[in-house]
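Peer 1: So here's model.txt (compact mmCIF, C-alpha atoms).
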```txt
# COMPACT_ATOMS: atom_id res chain seq x y z
CA MET A 1 0.00 0.00 0.00
CA ASN A 2 1.26 3.46 -0.89
CA LYS A 3 0.93 5.06 2.52
CA THR A 4 1.17 8.59 1.19
CA ALA A 5 -2.32 8.30 -0.26
CA SER A 6 -3.76 5.52 1.87
CA SER A 7 -6.67 6.15 4.19
CA ALA A 8 -5.21 3.65 6.65
CA GLN A 9 -3.00 6.16 8.44
CA PRO A 10 -4.30 8.05 11.48
CA ARG A 11 -5.13 11.65 10.71
CA PRO A 12 -3.80 14.44 12.94
CA ALA A 13 -6.27 16.25 15.12
CA SER A 14 -7.50 19.66 14.01
CA SER A 15 -5.91 22.69 15.64
CA ALA A 16 -9.10 24.79 15.46
CA GLN A 17 -10.13 26.47 18.73
CA PRO A 18 -13.53 25.90 20.40
CA ALA A 19 -16.07 28.60 19.51
CA ALA A 20 -16.47 29.96 23.05
CA GLU A 21 -12.72 30.29 23.52
CA SER A 22 -12.39 31.92 20.10
CA SER A 23 -15.04 34.51 20.96
CA GLU A 24 -13.25 35.50 24.16
CA ARG A 25 -9.97 35.99 22.33
CA GLN A 26 -11.50 37.69 19.27
CA PRO A 27 -13.56 40.82 20.00
CA ALA A 28 -14.22 41.31 16.28
CA ARG A 29 -15.29 37.70 15.69
CA GLU A 30 -18.97 38.54 15.28
CA SER A 31 -18.29 41.28 12.74
CA ASN A 32 -15.95 38.96 10.85
CA ILE A 33 -18.58 36.22 10.76
CA GLU A 34 -20.97 38.80 9.34
CA ALA A 35 -18.36 39.91 6.79
CA ILE A 36 -17.88 36.35 5.50
CA VAL A 37 -21.64 35.73 5.41
CA ALA A 38 -22.16 39.00 3.51
CA TYR A 39 -19.47 37.99 1.03
CA VAL A 40 -21.17 34.66 0.28
CA GLU A 41 -24.58 36.35 0.09
CA SER A 42 -23.18 38.82 -2.45
CA GLY A 43 -23.01 35.88 -4.87
CA ILE A 44 -26.79 35.43 -5.01
CA LYS A 45 -27.91 35.62 -8.64
CA PRO A 46 -31.34 36.38 -10.16
CA SER A 47 -33.13 33.13 -10.87
CA GLU A 48 -33.39 33.78 -14.60
CA SER A 49 -29.59 34.04 -15.00
CA HIS A 50 -28.33 31.33 -12.65
CA ARG A 51 -27.87 28.31 -14.97
CA ARG A 52 -24.17 28.98 -15.58
CA LEU A 53 -21.00 26.95 -15.10
CA GLY A 54 -17.51 28.13 -14.33
CA ILE A 55 -14.95 25.55 -15.40
CA GLU A 56 -11.30 25.11 -14.43
CA ILE A 57 -9.11 22.41 -15.94
CA GLU A 58 -5.54 21.92 -14.73
CA ARG A 59 -2.94 20.28 -16.97
CA ILE A 60 0.49 18.86 -16.22
CA PRO A 61 3.38 20.00 -18.45
CA VAL A 62 5.62 17.17 -19.67
CA HIS A 63 8.06 16.31 -22.41
CA THR A 64 6.82 13.79 -24.97
CA ASP A 65 8.54 11.07 -22.93
CA MET A 66 6.33 12.18 -19.99
CA GLN A 67 9.23 13.59 -17.98
CA PRO A 68 8.59 16.86 -16.11
CA VAL A 69 8.73 20.34 -17.60
CA SER A 70 9.38 23.09 -15.05
CA TYR A 71 8.60 26.78 -14.95
CA ALA A 72 12.10 27.95 -15.89
CA ASP A 73 13.07 25.34 -18.51
CA PRO A 74 14.19 26.74 -21.89
CA PHE A 75 10.70 26.09 -23.28
CA GLY A 76 9.06 25.75 -19.90
CA VAL A 77 5.87 27.19 -18.51
CA ALA A 78 7.22 30.75 -18.18
CA TRP A 79 8.03 30.62 -21.89
CA LEU A 80 4.56 29.22 -22.64
CA LEU A 81 2.81 32.00 -20.74
CA LYS A 82 4.80 34.62 -22.63
CA ALA A 83 4.01 32.91 -25.92
CA LEU A 84 0.30 33.07 -25.08
CA THR A 85 0.27 36.84 -24.46
CA PRO A 86 -0.79 37.78 -28.02
CA HIS A 87 -4.05 35.96 -27.34
CA TYR A 88 -4.17 36.62 -23.57
CA PRO A 89 -2.83 40.18 -23.22
CA ARG A 90 -3.60 40.78 -19.54
CA THR A 91 -0.53 39.72 -17.62
CA THR A 92 0.24 39.10 -13.95
CA TYR A 93 3.81 39.38 -12.63
CA ASP A 94 5.22 38.90 -9.14
CA ASP A 95 7.43 41.43 -7.35
CA HIS A 96 10.52 39.96 -9.01
CA GLY A 97 9.19 40.20 -12.55
CA ASP A 98 8.22 36.55 -12.98
CA LEU A 99 5.21 36.04 -15.25
CA LEU A 100 2.57 34.07 -13.33
CA GLY A 101 -0.56 34.39 -15.45
CA VAL A 102 -2.18 35.72 -18.60
CA ALA A 103 -5.81 36.47 -19.29
CA ARG A 104 -8.48 37.90 -21.55
CA PRO A 105 -12.18 38.53 -20.85
CA SER A 106 -13.78 35.47 -19.20
CA GLU A 107 -10.56 33.41 -19.45
CA ALA A 108 -7.48 33.26 -17.20
CA VAL A 109 -4.42 31.07 -17.61
CA THR A 110 -2.63 30.61 -14.29
CA ILE A 111 -0.11 28.18 -12.87
CA GLU A 112 -0.19 25.94 -9.83
CA PRO A 113 2.73 25.31 -7.43
CA ALA A 114 4.79 23.01 -9.69
CA ALA A 115 3.82 24.79 -12.93
CA GLN A 116 0.61 22.89 -13.62
CA VAL A 117 -1.21 25.03 -16.19
CA GLU A 118 -4.82 25.96 -15.50
CA LEU A 119 -7.41 27.58 -17.73
CA SER A 120 -10.31 29.04 -15.77
CA ALA A 121 -13.14 30.14 -18.03
CA GLY A 122 -16.76 31.18 -18.03
CA PRO A 123 -19.30 31.38 -16.67
CA PHE A 124 -20.98 29.49 -19.50
CA ARG A 125 -24.69 29.09 -20.14
CA ARG A 126 -24.08 26.63 -23.00
CA LEU A 127 -21.81 23.60 -22.89
CA LYS A 128 -21.08 24.18 -26.58
CA ASP A 129 -19.39 27.49 -25.71
CA ALA A 130 -17.38 25.82 -22.96
CA TYR A 131 -16.19 23.08 -25.29
CA GLU A 132 -15.15 25.56 -27.96
CA THR A 133 -13.28 27.76 -25.46
CA PHE A 134 -11.24 24.94 -23.98
CA SER A 135 -10.70 23.30 -27.35
CA ALA A 136 -9.26 26.53 -28.75
CA PHE A 137 -6.90 26.77 -25.78
CA GLU A 138 -5.73 23.21 -26.28
CA ASP A 139 -5.17 23.80 -29.99
CA GLU A 140 -3.09 26.90 -29.30
CA THR A 141 -0.92 25.32 -26.58
CA LYS A 142 -0.39 22.27 -28.78
CA ARG A 143 0.73 24.51 -31.66
CA LEU A 144 3.23 26.22 -29.37
CA LEU A 145 4.56 23.12 -27.59
CA ASP A 146 4.69 20.49 -30.34
CA PRO A 147 7.88 21.89 -31.97
CA HIS A 148 9.66 21.57 -28.62
CA ASN A 149 8.51 18.00 -27.89
CA GLU A 150 6.36 19.09 -24.99
CA LYS A 151 2.68 18.83 -24.16
CA LEU A 152 0.08 19.42 -21.47
CA VAL A 153 -1.54 16.22 -20.19
CA THR A 154 -4.87 15.89 -18.44
CA LEU A 155 -4.23 13.44 -15.60
CA GLY A 156 -5.03 13.57 -11.91
CA TYR A 157 -1.38 13.20 -10.94
CA HIS A 158 2.02 13.52 -12.56
CA PRO A 159 2.62 10.33 -14.57
CA THR A 160 6.36 9.89 -13.95
CA ALA A 161 7.65 12.13 -11.14
CA LYS A 162 7.61 12.12 -7.37
CA ALA A 163 6.18 15.34 -5.99
CA ARG A 164 9.21 16.38 -3.99
CA ASP A 165 11.37 16.17 -7.12
CA LEU A 166 9.23 18.75 -8.92
CA LYS A 167 10.37 22.37 -8.73
CA LEU A 168 8.12 25.01 -7.20
CA ILE A 169 7.39 28.08 -9.27
CA PRO A 170 8.78 31.41 -7.98
CA LYS A 171 5.69 32.44 -6.03
CA ARG A 172 6.21 33.48 -2.41
CA ARG A 173 2.93 32.08 -1.09
CA TYR A 174 3.81 28.61 -2.38
CA GLN A 175 7.11 28.63 -0.52
CA PHE A 176 5.21 29.26 2.73
CA MET A 177 2.55 26.67 1.92
CA ASN A 178 5.21 24.08 1.13
CA VAL A 179 6.88 24.57 4.51
CA TYR A 180 3.63 24.49 6.48
CA LEU A 181 1.87 21.64 4.68
CA SER A 182 5.01 19.48 4.67
CA GLU A 183 4.79 19.46 8.47
CA ARG A 184 1.03 18.89 8.78
CA ASP A 185 0.74 15.45 7.16
CA THR A 186 2.30 13.24 4.52
CA ALA A 187 0.65 14.45 1.31
CA GLY A 188 0.89 18.26 1.37
CA PRO A 189 3.72 18.42 -1.19
CA CYS A 190 1.92 15.80 -3.29
CA MET A 191 -1.19 17.96 -3.48
CA MET A 192 0.77 21.09 -4.33
CA ARG A 193 3.24 19.70 -6.83
CA GLY A 194 1.86 16.49 -8.31
CA SER A 195 -1.91 16.79 -8.63
CA ALA A 196 -4.26 18.31 -11.19
CA SER A 197 -8.03 18.67 -11.10
CA THR A 198 -11.21 19.65 -12.90
CA GLN A 199 -13.36 22.09 -10.93
CA ILE A 200 -16.90 23.18 -11.71
CA SER A 201 -18.58 26.22 -10.14
CA ILE A 202 -22.33 26.79 -9.96
CA ASP A 203 -24.53 29.75 -9.04
CA TYR A 204 -27.21 30.01 -6.37
CA THR A 205 -30.34 32.15 -6.17
CA SER A 206 -30.80 32.49 -2.40
CA VAL A 207 -29.18 31.52 0.88
CA ALA A 208 -31.40 28.46 1.05
CA ASP A 209 -30.46 27.47 -2.51
CA CYS A 210 -26.78 27.99 -1.69
CA LEU A 211 -26.86 25.78 1.39
CA ARG A 212 -28.93 23.12 -0.35
CA LYS A 213 -26.50 22.86 -3.27
CA TYR A 214 -23.51 23.01 -0.93
CA ARG A 215 -24.77 20.07 1.12
CA LEU A 216 -25.76 17.99 -1.88
CA ALA A 217 -22.40 18.61 -3.58
CA PHE A 218 -20.64 17.33 -0.48
CA CYS A 219 -22.92 14.28 -0.34
CA MET A 220 -22.02 13.44 -3.93
CA ALA A 221 -18.32 14.30 -3.73
CA PRO A 222 -17.02 10.76 -3.07
CA VAL A 223 -19.05 9.37 -5.98
CA LEU A 224 -18.07 12.25 -8.26
CA ALA A 225 -14.42 11.51 -7.46
CA LEU A 226 -14.99 7.90 -8.52
CA MET A 227 -16.77 8.83 -11.74
CA CYS A 228 -13.91 11.23 -12.62
CA ASP A 229 -10.99 9.07 -11.41
CA ASN A 230 -8.10 9.64 -13.82
CA THR A 231 -5.06 8.87 -11.64
CA PRO A 232 -3.44 5.64 -12.80
CA PHE A 233 -0.04 6.62 -11.38
CA TYR A 234 0.92 8.18 -8.07
CA GLU A 235 4.42 9.17 -6.99
CA SER A 236 5.91 7.54 -10.12
CA GLU A 237 4.33 4.15 -9.33
CA PRO A 238 1.15 2.42 -10.50
CA ARG A 239 -1.82 3.27 -8.29
CA THR A 240 -2.57 1.05 -5.31
CA HIS A 241 -6.31 1.73 -5.12
CA PRO A 242 -9.05 3.67 -6.91
CA CYS A 243 -9.24 7.45 -6.45
CA MET A 244 -5.66 8.11 -5.39
CA ARG A 245 -6.23 11.87 -5.28
CA MET A 246 -9.10 11.42 -2.85
CA GLY A 247 -6.76 9.50 -0.56
CA MET A 248 -4.11 12.16 -1.03
CA TRP A 249 -6.48 14.90 0.14
CA GLN A 250 -7.18 12.96 3.34
CA HIS A 251 -3.54 13.53 4.27
CA VAL A 252 -2.90 17.17 3.42
CA ASP A 253 -4.25 19.18 6.37
CA PRO A 254 -7.38 18.30 8.37
CA ASP A 255 -7.87 21.97 9.32
CA ARG A 256 -8.56 23.06 5.75
CA CYS A 257 -9.37 20.00 3.62
CA GLY A 258 -12.08 17.39 3.21
CA LEU A 259 -15.46 18.05 4.80
CA VAL A 260 -16.28 21.38 6.42
CA PRO A 261 -17.49 20.45 9.93
CA GLY A 262 -21.27 20.31 10.08
CA ALA A 263 -21.78 20.76 6.32
CA LEU A 264 -23.93 17.60 6.03
CA ASN A 265 -26.15 18.48 8.96
CA PRO A 266 -29.56 19.95 8.02
CA ASP A 267 -29.17 22.92 10.38
CA PHE A 268 -25.83 24.08 8.89
CA THR A 269 -25.79 27.82 8.19
CA LEU A 270 -23.58 30.39 6.52
CA ARG A 271 -22.59 31.52 10.00
CA ASP A 272 -21.26 28.02 10.68
CA TYR A 273 -19.29 28.21 7.44
CA ALA A 274 -17.90 31.62 8.40
CA ALA A 275 -16.87 30.38 11.84
CA ALA A 276 -15.05 27.45 10.24
CA ILE A 277 -13.11 29.83 7.98
CA LEU A 278 -12.05 31.95 10.97
CA ASP A 279 -10.70 28.87 12.76
CA VAL A 280 -8.36 27.87 9.92
CA PRO A 281 -4.63 28.61 10.48
CA ALA A 282 -3.69 31.20 7.88
CA ILE A 283 -0.22 30.06 6.73
CA LEU A 284 0.19 33.44 5.06
CA VAL A 285 -1.45 36.84 5.11
CA PRO A 286 -1.03 39.98 2.99
CA CYS A 287 1.48 42.39 4.49
CA GLN A 288 3.24 45.56 3.40
CA GLN A 289 6.74 44.33 4.20
CA ASN A 290 7.00 41.42 1.73
CA SER A 291 3.55 41.21 0.05
CA TRP A 292 2.99 37.94 1.97
CA CYS A 293 3.99 37.15 5.54
CA TYR A 294 4.01 33.73 7.22
CA ASP A 295 1.48 33.37 10.05
CA GLU A 296 0.22 30.15 11.64
CA ARG A 297 -2.48 31.83 13.73
CA PRO A 298 -6.13 31.26 12.74
CA PHE A 299 -7.68 34.03 10.69
CA GLY A 300 -9.96 34.83 13.60
CA GLU A 301 -6.95 35.66 15.76
CA ILE A 302 -5.14 37.60 13.06
CA TYR A 303 -8.21 39.80 12.62
CA ALA A 304 -9.26 39.58 16.26
CA ASN A 305 -9.64 43.33 16.72
CA ARG A 306 -11.00 44.56 13.39
CA THR A 307 -13.39 43.57 10.65
CA MET A 308 -11.87 41.89 7.61
CA SER A 309 -12.03 43.62 4.24
CA VAL A 310 -13.54 41.88 1.24
CA ALA A 311 -10.04 41.13 -0.08
CA GLU A 312 -9.08 39.60 3.27
CA VAL A 313 -12.24 37.46 3.29
CA GLU A 314 -11.46 36.28 -0.24
CA HIS A 315 -7.91 35.36 0.77
CA ALA A 316 -9.04 33.49 3.89
CA ILE A 317 -11.49 31.40 1.86
CA SER A 318 -8.82 30.76 -0.79
CA MET A 319 -6.58 29.23 1.88
CA THR A 320 -9.12 26.49 2.60
CA PHE A 321 -9.24 23.45 0.30
CA PRO A 322 -12.39 21.46 1.14
CA ASP A 323 -13.96 19.11 -1.40
CA VAL A 324 -16.65 21.75 -1.91
CA ARG A 325 -15.88 25.42 -1.32
CA LEU A 326 -18.20 28.42 -0.95
CA LYS A 327 -17.09 31.69 -2.50
CA THR A 328 -19.64 33.79 -4.38
CA PHE A 329 -20.51 30.48 -6.05
CA VAL A 330 -20.36 26.81 -5.07
CA GLU A 331 -17.04 25.33 -6.23
CA ILE A 332 -17.16 21.54 -6.67
CA ARG A 333 -13.61 20.20 -6.44
CA PRO A 334 -13.23 16.37 -6.23
CA ALA A 335 -12.77 15.54 -9.95
CA ASP A 336 -9.39 14.70 -11.46
CA SER A 337 -8.08 16.50 -14.50
CA MET A 338 -9.61 14.76 -17.52
CA PRO A 339 -9.43 14.98 -21.31
CA LEU A 340 -11.75 17.65 -22.64
CA PRO A 341 -14.72 15.46 -23.74
CA TYR A 342 -14.88 13.97 -20.23
CA ALA A 343 -14.42 17.33 -18.51
CA ILE A 344 -17.31 18.82 -20.48
CA ALA A 345 -19.35 15.69 -19.80
CA TYR A 346 -18.71 16.31 -16.11
CA GLY A 347 -19.93 19.87 -16.62
CA ALA A 348 -23.08 18.45 -18.21
CA LEU A 349 -23.57 16.15 -15.22
CA ILE A 350 -23.24 19.03 -12.76
CA LYS A 351 -25.55 21.25 -14.81
CA GLY A 352 -28.25 18.59 -15.03
CA LEU A 353 -28.05 17.82 -11.33
CA PHE A 354 -27.91 21.32 -9.86
CA TYR A 355 -29.93 23.43 -12.28
CA SER A 356 -33.10 21.34 -12.23
CA GLU A 357 -35.62 21.50 -9.42
CA GLU A 358 -36.65 17.92 -10.19
CA SER A 359 -33.04 16.76 -9.89
CA LEU A 360 -32.53 18.65 -6.64
CA ASP A 361 -35.70 17.17 -5.14
CA ALA A 362 -34.56 13.68 -6.12
CA LEU A 363 -31.10 14.31 -4.64
CA ASP A 364 -32.64 15.57 -1.40
CA GLU A 365 -34.51 12.29 -1.10
CA LEU A 366 -31.53 10.19 -2.14
CA PHE A 367 -29.20 11.71 0.46
CA PHE A 368 -31.81 12.47 3.12
CA GLY A 369 -30.13 10.82 6.10
CA VAL A 370 -26.47 11.45 5.23
CA ARG A 371 -24.48 13.15 7.99
CA ASP A 372 -20.88 14.19 8.64
CA ALA A 373 -20.00 10.83 10.19
CA ASP A 374 -20.91 9.06 6.93
CA TYR A 375 -18.56 11.05 4.71
CA GLU A 376 -15.11 9.59 5.27
CA PRO A 377 -16.41 6.00 5.42
CA ALA A 378 -17.93 6.61 1.98
CA GLN A 379 -14.58 7.81 0.67
CA ASN A 380 -12.76 4.85 2.19
CA ALA A 381 -15.24 2.36 0.77
CA ILE A 382 -14.79 3.77 -2.73
CA MET A 383 -11.00 3.71 -2.42
CA LYS A 384 -11.26 0.04 -1.45
CA ASP A 385 -13.92 -1.27 -3.81
CA GLY A 386 -14.55 1.35 -6.50
CA TYR A 387 -17.90 0.88 -8.21
CA ARG A 388 -18.56 -2.19 -6.06
CA ALA A 389 -18.46 -0.13 -2.86
CA THR A 390 -21.39 0.52 -0.57
CA VAL A 391 -21.85 4.27 -0.11
CA TYR A 392 -24.41 5.65 2.37
CA GLY A 393 -26.04 2.21 2.29
CA MET A 394 -26.31 2.24 -1.52
CA ASP A 395 -24.39 0.47 -4.27
CA ALA A 396 -21.84 2.96 -5.65
CA GLY A 397 -22.36 1.87 -9.25
CA ALA A 398 -26.13 2.16 -9.02
CA LEU A 399 -25.80 5.52 -7.29
CA ALA A 400 -23.54 6.86 -10.04
CA GLN A 401 -26.00 5.54 -12.66
CA THR A 402 -28.83 7.35 -10.89
CA LEU A 403 -26.87 10.62 -10.97
CA VAL A 404 -26.27 10.24 -14.71
CA GLU A 405 -29.95 9.50 -15.38
CA LEU A 406 -31.12 12.47 -13.33
CA ALA A 407 -28.74 14.79 -15.18
CA HIS A 408 -29.68 13.35 -18.58
CA ASP A 409 -33.38 13.89 -18.00
CA ALA A 410 -32.80 17.50 -16.94
CA LEU A 411 -30.72 18.49 -19.99
CA ASP A 412 -32.05 19.40 -23.43
CA ALA A 413 -31.27 17.17 -26.40
CA GLU A 414 -28.25 19.19 -27.50
CA GLU A 415 -26.61 19.11 -24.10
CA GLN A 416 -27.47 15.47 -23.42
CA ALA A 417 -24.96 14.61 -26.13
CA TYR A 418 -22.14 16.18 -24.12
CA LEU A 419 -22.91 13.85 -21.20
CA LYS A 420 -22.26 10.68 -23.22
CA PRO A 421 -18.51 10.12 -22.54
CA LEU A 422 -19.00 10.08 -18.77
CA ALA A 423 -22.30 8.21 -19.02
CA SER A 424 -20.55 5.49 -21.02
CA LEU A 425 -17.91 5.02 -18.33
CA VAL A 426 -20.54 4.76 -15.61
CA GLU A 427 -22.62 2.30 -17.62
CA ARG A 428 -19.57 0.04 -17.95
CA ARG A 429 -18.54 0.68 -14.31
CA VAL A 430 -15.04 1.66 -15.35
CA THR A 431 -12.96 4.82 -14.94
CA LEU A 432 -10.35 6.52 -17.06
CA ALA A 433 -7.79 5.34 -14.51
CA ASP A 434 -8.99 1.74 -14.89
CA MET A 435 -8.54 1.92 -18.64
CA ALA A 436 -5.09 3.49 -18.36
CA CYS A 437 -3.98 0.80 -15.93
CA LEU A 438 -5.21 -1.91 -18.28
CA ASP A 439 -3.39 -0.30 -21.21
CA ALA A 440 -0.18 -0.12 -19.15
CA LYS A 441 -0.44 -3.81 -18.20
CA GLU A 442 -1.04 -4.83 -21.80
CA ALA A 443 1.91 -2.74 -22.97
CA GLU A 444 4.13 -4.31 -20.32
CA ALA A 445 2.98 -7.80 -21.28
CA SER A 446 3.66 -7.08 -24.93
CA LYS A 447 7.09 -5.74 -24.09
CA SER A 448 7.88 -8.85 -22.03
CA ALA A 449 6.73 -11.11 -24.86
CA ASP A 450 9.09 -9.36 -27.26
```
Please go through the file and, once you have read it, give me the structure as structure tokens.
Peer 2:
Amino acid sequence: MNKTASSAQPRPASSAQPAAESSERQPARESNIEAIVAYVESGIKPSESHRRLGIEIERIPVHTDMQPVSYADPFGVAWLLKALTPHYPRTTYDDHGDLLGVARPSEAVTIEPAAQVELSAGPFRRLKDAYETFSAFEDETKRLLDPHNEKLVTLGYHPTAKARDLKLIPKRRYQFMNVYLSERDTAGPCMMRGSASTQISIDYTSVADCLRKYRLAFCMAPVLALMCDNTPFYESEPRTHPCMRMGMWQHVDPDRCGLVPGALNPDFTLRDYAAAILDVPAILVPCQQNSWCYDERPFGEIYANRTMSVAEVEHAISMTFPDVRLKTFVEIRPADSMPLPYAIAYGALIKGLFYSEESLDALDELFFGVRDADYEPAQNAIMKDGYRATVYGMDAGALAQTLVELAHDALDAEEQAYLKPLASLVERRVTLADMACLDAKEAEASKSAD
């Protein structure tokens, strides 16, 4: 068993302070709770305009032999960002002049800690527009990288490298995060340097709609991770169980990852969410001296005597990495990076599930009794048995099939077609990772026969 990603290891206890103690030490706690709640409420959209998806797909830069490409290589990711500027003219540099991102309206190309390349785009009302946007980006990066024997791959984890051998990009916040997370548990550097994801963001029309979608997204997260499992290799070795990234996230930092405490309870409120954010150790905070300063105190203590600004609220939320995150939208995070047809199919699944009242009612019934205590056992069951697992008392394969059918029935005929790649995997009870592992075994057998 690869213990870095295994759920068998004991998890460290959270360092969050009890609420009563926090209140005594934080005179401004109430105003900061209100500031975070107001920030989330500012994301409420009119009902007629809320059927939109934001999509983020991370890609891992490699040479054609699948060996790593770093930020500063001769034709590395810094070079790629610069080469993209004619099409993405808005640039972001750090204090030392390093190019960290490029953008144009509704699209931003940024880089993760070990130079994983991410396109964030949208929000999209039509899946067709999403497909065309991401396809154009892939065509352009392929045109730029092909002459240099490089490419961007859509996998959940680096196919050949160990995380600690990958170079961090020159971004001060990542240096601090690397130090802190390396000490919290075994997989912090793996998350930062080796992993890549597909994230979908959805709108909400009221506080009640927000909390409903937030809870249901968490309920589904273990099954969504299974349906989107695309991690056949982990730390340069073949995987040891399904959903390696899900196991990795269990061993990053219990204070800021996984399930937000209370999120599956029916009485969970935005105030509870805000209190959880305030109890997260910051790692870093904005400061005048060096742009970012290292600070292990919880955000509630750092801002104990004054109300946080909107920018400070945004930063605090960005330093939490739960499987579902509330910003001014609901960000659904468990899926691996996947090839574009599967990523858009995942977008179709999310759209059909969350933008249909009939789907939401069915999901409420399906996950009626699920509580916090059920969440990690569901993850562990899936990592052990995949589609044969029992999740919340239900067969994982049948549950995934139900999600696909609900989404299909909620989509129009044009958008149902985009769901097919993922629906086909679920129907066969296989994942992209399963297929890649089978291909690797067949290739090895063929090589041995030769």
Peer 1: Could you check which of A:Pro286, A:Gly369, A:Pro339, A:Pro298 is closest to Pro266 of chain A, using only C-alpha atoms?
Peer 2: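 Of all the options, A:Gly369 lies closest to Pro266 of chain A.
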Peer 1: Residues near segment 112-114 of chain A, anyone? I mean within 8 Å using only C-alpha atoms, not counting same-chain ones fewer than 5 positions away, as a PyMOL selection string.
Peer 2: chain A and resi 70-71+166-169+171+174+192-194
Peer 1: Those residues with C-alpha atoms, as a compact mmCIF listing (two decimals), keeping the file's coordinate frame please?
Peer 2:
```txt
# COMPACT_ATOMS: atom_id res chain seq x y z
CA SER A 70 9.38 23.09 -15.05
CA TYR A 71 8.60 26.78 -14.95
CA LEU A 166 9.23 18.75 -8.92
CA LYS A 167 10.37 22.37 -8.73
CA LEU A 168 8.12 25.01 -7.20
CA ILE A 169 7.39 28.08 -9.27
CA LYS A 171 5.69 32.44 -6.03
CA TYR A 174 3.81 28.61 -2.38
CA MET A 192 0.77 21.09 -4.33
CA ARG A 193 3.24 19.70 -6.83
CA GLY A 194 1.86 16.49 -8.31
```
Peer 1: Would you mind telling me which residue in A:Met220, A:Met248, A:Val207, A:Val391 lies nearest to Cys190 of chain A when using all atoms listed in the file?
Peer 2: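 Ranked by minimum distance to Cys190 of chain A, first place goes to A:Met248.
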Peer 1: Determine the nearest neighbour of Thr205 of chain A from the options A:Gln250, A:Thr328, A:Asn230, A:Asn265, counting only C-alpha atoms.
Peer 2: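 Nearest to Thr205 of chain A: A:Thr328.
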Peer 1: Just the residues within 9 Å of His50 of chain A, please, counting all atoms listed in the file, with nothing from its chain fewer than 6 positions along; format it as a list of chain:residue names.
Peer 2: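 Near His50 of chain A, the qualifying residues are A:Ile44, A:Arg125, A:Ile202, A:Asp203, A:Tyr204, A:Thr205, A:Tyr355.
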Peer 1: My list of candidates is A:Ala413, A:Leu353, A:Met191, A:Met383. Which is closest to Trp249 of chain A when distances are computed with only C-alpha atoms?
Peer 2: A:Met191
Peer 1: Start from the incomplete input, build N, CA, C and O atoms for segment 325-335 of chain A, and deliver everything as a tab-separated table (two decimals), in the frame of the given file.
Peer 2:
```tsv
chain	number	residue	atom	x	y	z
A	325	ARG	N	-16.25	24.14	-1.95
A	325	ARG	CA	-15.88	25.42	-1.32
A	325	ARG	C	-16.91	26.49	-1.71
A	325	ARG	O	-17.32	26.58	-2.86
A	326	LEU	N	-17.29	27.29	-0.72
A	326	LEU	CA	-18.20	28.42	-0.95
A	326	LEU	C	-17.40	29.69	-1.14
A	326	LEU	O	-16.61	30.08	-0.27
A	327	LYS	N	-17.60	30.34	-2.26
A	327	LYS	CA	-17.09	31.69	-2.50
A	327	LYS	C	-18.32	32.55	-2.78
A	327	LYS	O	-19.20	32.64	-1.93
A	328	THR	N	-18.39	33.18	-3.94
A	328	THR	CA	-19.64	33.79	-4.38
A	328	THR	C	-20.31	32.84	-5.37
A	328	THR	O	-21.14	33.24	-6.18
A	329	PHE	N	-19.96	31.60	-5.30
A	329	PHE	CA	-20.51	30.48	-6.05
A	329	PHE	C	-20.14	29.22	-5.29
A	329	PHE	O	-19.34	29.27	-4.34
A	330	VAL	N	-20.71	28.10	-5.67
A	330	VAL	CA	-20.36	26.81	-5.07
A	330	VAL	C	-19.33	26.15	-5.99
A	330	VAL	O	-19.63	25.86	-7.15
A	331	GLU	N	-18.14	25.90	-5.46
A	331	GLU	CA	-17.04	25.33	-6.23
A	331	GLU	C	-16.92	23.85	-5.88
A	331	GLU	O	-16.61	23.49	-4.74
A	332	ILE	N	-17.14	22.99	-6.87
A	332	ILE	CA	-17.16	21.54	-6.67
A	332	ILE	C	-15.81	21.00	-7.14
A	332	ILE	O	-15.47	21.09	-8.32
A	333	ARG	N	-15.03	20.37	-6.23
A	333	ARG	CA	-13.61	20.20	-6.44
A	333	ARG	C	-13.06	18.77	-6.51
A	333	ARG	O	-11.86	18.60	-6.69
A	334	PRO	N	-13.85	17.70	-6.39
A	334	PRO	CA	-13.23	16.37	-6.23
A	334	PRO	C	-12.74	15.72	-7.52
A	334	PRO	O	-12.02	14.71	-7.45
A	335	ALA	N	-13.09	16.24	-8.70
A	335	ALA	CA	-12.77	15.54	-9.95
A	335	ALA	C	-11.30	15.69	-10.33
A	335	ALA	O	-10.70	16.75	-10.15
```
